[in-house]
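One structure below.
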Amino acid sequence: MASGTTGRPDRAALAYNVRRLRELRRWSQERLAAEAGDLRQGLISDIERAKANPTLTTLEFVARALSVTVRDLFKPPRSPRRPR
């Protein structure tokens with residue numbers, strides 16, 4: 001079982017994916033908050049640190065801003081391939 005700061009793999013995956021997708025776009029937390037419908041930057045920070053328990057509506061706004069589905073936000077991170 002993967003664990004994040006809360007010991008919950010779903011929050012750890014959410015935190016990882018939101019940060020990864022935001023950074024791929026080279027957006028600040030403030031920019032993502034604005035693109036997601038004027039959310040608080042602190043909420044984005046809490047999500048990325050696995051400290052928040054966002055509502056489905058919030059997740060839908062974040063997913064739409066990042067051009068992914070809510071389901072994509074919860075996909076476990078891929079493990080790096082080991083050389084043979």
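Following the order of the structure tokens, chains are lettered A, B, ..., residues in each are numbered from 1, and ligands are numbered from 1.
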Return as a PDB file with C-alpha atoms, in the first residue's frame the full set of residues in chain A whose backbone-based DSSP assignment is alpha helix (DSSP H).
```pdb
ATOM      1  CA  PRO A   9      -3.070   6.232  -1.043  1.00  0.00           C
ATOM      2  CA  ASP A  10      -5.965   8.072  -2.715  1.00  0.00           C
ATOM      3  CA  ARG A  11      -4.900  11.424  -1.236  1.00  0.00           C
ATOM      4  CA  ALA A  12      -1.249  10.716  -1.999  1.00  0.00           C
ATOM      5  CA  ALA A  13      -2.077  10.002  -5.652  1.00  0.00           C
ATOM      6  CA  LEU A  14      -4.288  13.104  -5.850  1.00  0.00           C
ATOM      7  CA  ALA A  15      -1.534  15.267  -4.342  1.00  0.00           C
ATOM      8  CA  TYR A  16       1.095  13.865  -6.699  1.00  0.00           C
ATOM      9  CA  ASN A  17      -1.026  14.212  -9.822  1.00  0.00           C
ATOM     10  CA  VAL A  18      -2.289  17.729  -9.175  1.00  0.00           C
ATOM     11  CA  ARG A  19       1.263  18.968  -8.579  1.00  0.00           C
ATOM     12  CA  ARG A  20       2.689  17.040 -11.556  1.00  0.00           C
ATOM     13  CA  LEU A  21       0.017  18.258 -13.963  1.00  0.00           C
ATOM     14  CA  ARG A  22       0.273  21.835 -12.688  1.00  0.00           C
ATOM     15  CA  GLU A  23       4.047  21.842 -13.039  1.00  0.00           C
ATOM     16  CA  LEU A  24       3.839  20.362 -16.567  1.00  0.00           C
ATOM     17  CA  GLN A  29      -0.657  27.361  -7.505  1.00  0.00           C
ATOM     18  CA  GLU A  30      -2.268  30.792  -7.861  1.00  0.00           C
ATOM     19  CA  ARG A  31      -2.743  30.265 -11.596  1.00  0.00           C
ATOM     20  CA  LEU A  32      -4.310  26.831 -11.117  1.00  0.00           C
ATOM     21  CA  ALA A  33      -6.617  28.251  -8.452  1.00  0.00           C
ATOM     22  CA  ALA A  34      -7.738  30.981 -10.857  1.00  0.00           C
ATOM     23  CA  GLU A  35      -8.144  28.616 -13.827  1.00  0.00           C
ATOM     24  CA  GLN A  41      -4.363  29.157  -3.530  1.00  0.00           C
ATOM     25  CA  GLY A  42      -4.183  27.689  -0.030  1.00  0.00           C
ATOM     26  CA  LEU A  43      -6.640  24.973  -1.043  1.00  0.00           C
ATOM     27  CA  ILE A  44      -4.440  23.995  -3.992  1.00  0.00           C
ATOM     28  CA  SER A  45      -1.473  23.890  -1.616  1.00  0.00           C
ATOM     29  CA  ASP A  46      -3.403  21.699   0.831  1.00  0.00           C
ATOM     30  CA  ILE A  47      -4.438  19.328  -1.973  1.00  0.00           C
ATOM     31  CA  GLU A  48      -0.836  19.045  -3.161  1.00  0.00           C
ATOM     32  CA  LEU A  56     -16.308  16.462  -5.818  1.00  0.00           C
ATOM     33  CA  THR A  57     -17.206  19.870  -7.243  1.00  0.00           C
ATOM     34  CA  THR A  58     -13.737  21.206  -6.409  1.00  0.00           C
ATOM     35  CA  LEU A  59     -12.123  18.148  -7.988  1.00  0.00           C
ATOM     36  CA  GLU A  60     -14.214  18.664 -11.125  1.00  0.00           C
ATOM     37  CA  PHE A  61     -13.052  22.300 -11.361  1.00  0.00           C
ATOM     38  CA  VAL A  62      -9.400  21.312 -10.867  1.00  0.00           C
ATOM     39  CA  ALA A  63      -9.641  18.452 -13.375  1.00  0.00           C
ATOM     40  CA  ARG A  64     -11.283  20.684 -15.981  1.00  0.00           C
ATOM     41  CA  ALA A  65      -8.596  23.344 -15.523  1.00  0.00           C
ATOM     42  CA  VAL A  70     -11.381  13.434 -12.008  1.00  0.00           C
ATOM     43  CA  ARG A  71     -10.461   9.770 -12.357  1.00  0.00           C
ATOM     44  CA  ASP A  72      -7.089  10.778 -13.832  1.00  0.00           C
ATOM     45  CA  LEU A  73      -6.356  12.770 -10.672  1.00  0.00           C
TER      46      LEU A  73
END
```
Practice task
Would you work out the distance separating atom CA of Leu39 of chain A from atom CA of Pro54 of chain A, expressed in Å to one decimal?
Solution key: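 These atoms are spaced 11.2 Å apart.
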Completion exercise
Students should find that atom CA of Ser28 of chain A and atom CA of Arg49 of chain A are spaced 14.7 Å
Problem - Point-to-point distance from atom CA of Ser79 of chain A to atom CA of Ala36 of chain A, Å rounded to tenths - result: 28.7 Å
